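Visitor: There's a structure below that I have some questions on.
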Amino acid sequence: MPNITVRNIPEADYSVLRRDAKRHGRSLNAEFLAMLADKKEMAHRRAGAARAMKRIDKLWKRIGHKYPNQPDSTALIREDRDNDQPYR
């Protein structure tokens, strides 16, 4: 497995890493690897969300072409919010 050396870590960042490692019952190395794994997972989720948004945009355009004369719901939502009557 490859190794990496990190130099000149700001003291505040090092303290947070050390505190988190202690709280999670891990070594500094294990905590750092966990942080990398979390970052990788977050990147994977962002990529999945970006793909989902592209599919949603395509679907939204398809619906818009199929039903072009749909009213803007903004006015209806505003009217409902401004209404003092409670929901039933």
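Letters A, B, ... go to the chains of the structure tokens in the order shown; residues in each chain start at 1; ligands are counted from 1 in the same order.
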Could you pull out all residues of chain A with a DSSP call of alpha helix (DSSP H) and give them as a ChimeraX atom specification?

Guide: /A:11-24,28-66,74-82

Visitor: Need the shell around Glu31 (chain A): protein/DNA/RNA residues with any atom at most 12 Å away, counting only C-alpha atoms. Skip same-chain ones fewer than 6 positions apart. Format as a PyMOL selection string?

Guide: chain A and resi 14+16-25+37-38

Visitor: Selection from above, C-alpha atoms, as an mmCIF file, in the first residue's frame, can you write it?

Guide:
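Contents of the output file result_32.cif:
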data_model
loop_
_atom_site.group_PDB
_atom_site.id
_atom_site.type_symbol
_atom_site.label_atom_id
_atom_site.label_comp_id
_atom_site.auth_asym_id
_atom_site.auth_seq_id
_atom_site.Cartn_x
_atom_site.Cartn_y
_atom_site.Cartn_z
ATOM 1 C CA TYR A 14 -3.757 18.650 14.179
ATOM 2 C CA VAL A 16 -8.911 18.490 15.910
ATOM 3 C CA LEU A 17 -7.598 15.342 14.227
ATOM 4 C CA ARG A 18 -6.029 14.130 17.476
ATOM 5 C CA ARG A 19 -9.232 14.879 19.438
ATOM 6 C CA ASP A 20 -11.411 13.090 16.888
ATOM 7 C CA ALA A 21 -9.073 10.087 16.820
ATOM 8 C CA LYS A 22 -9.263 9.825 20.589
ATOM 9 C CA ARG A 23 -13.044 10.211 20.581
ATOM 10 C CA HIS A 24 -13.408 7.455 17.965
ATOM 11 C CA GLY A 25 -10.852 5.188 19.638
ATOM 12 C CA ALA A 37 -12.868 7.398 3.089
ATOM 13 C CA ASP A 38 -15.553 9.905 4.114
#

Visitor: Using CA of Ile4 (chain A) and CA of Leu36 (chain A) as the two end points, give the distance in Å to one decimal.

Guide: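 We find that CA of Ile4 (chain A) and CA of Leu36 (chain A) lie 12.4 Å from each other.
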
Visitor: To one decimal place in Å, what is the distance between CA of Val6 (chain A) and CA of Asn29 (chain A)?

Guide: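 CA of Val6 (chain A) sits 11.1 Å away from CA of Asn29 (chain A).
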
Visitor: Just to confirm, what's the straight-line distance from CA of Ala50 (chain A) to CA of Ala34 (chain A) in Å (one decimal)?

Guide: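 About the pair CA of Ala50 (chain A) and CA of Ala34 (chain A): they are 24.2 Å apart.
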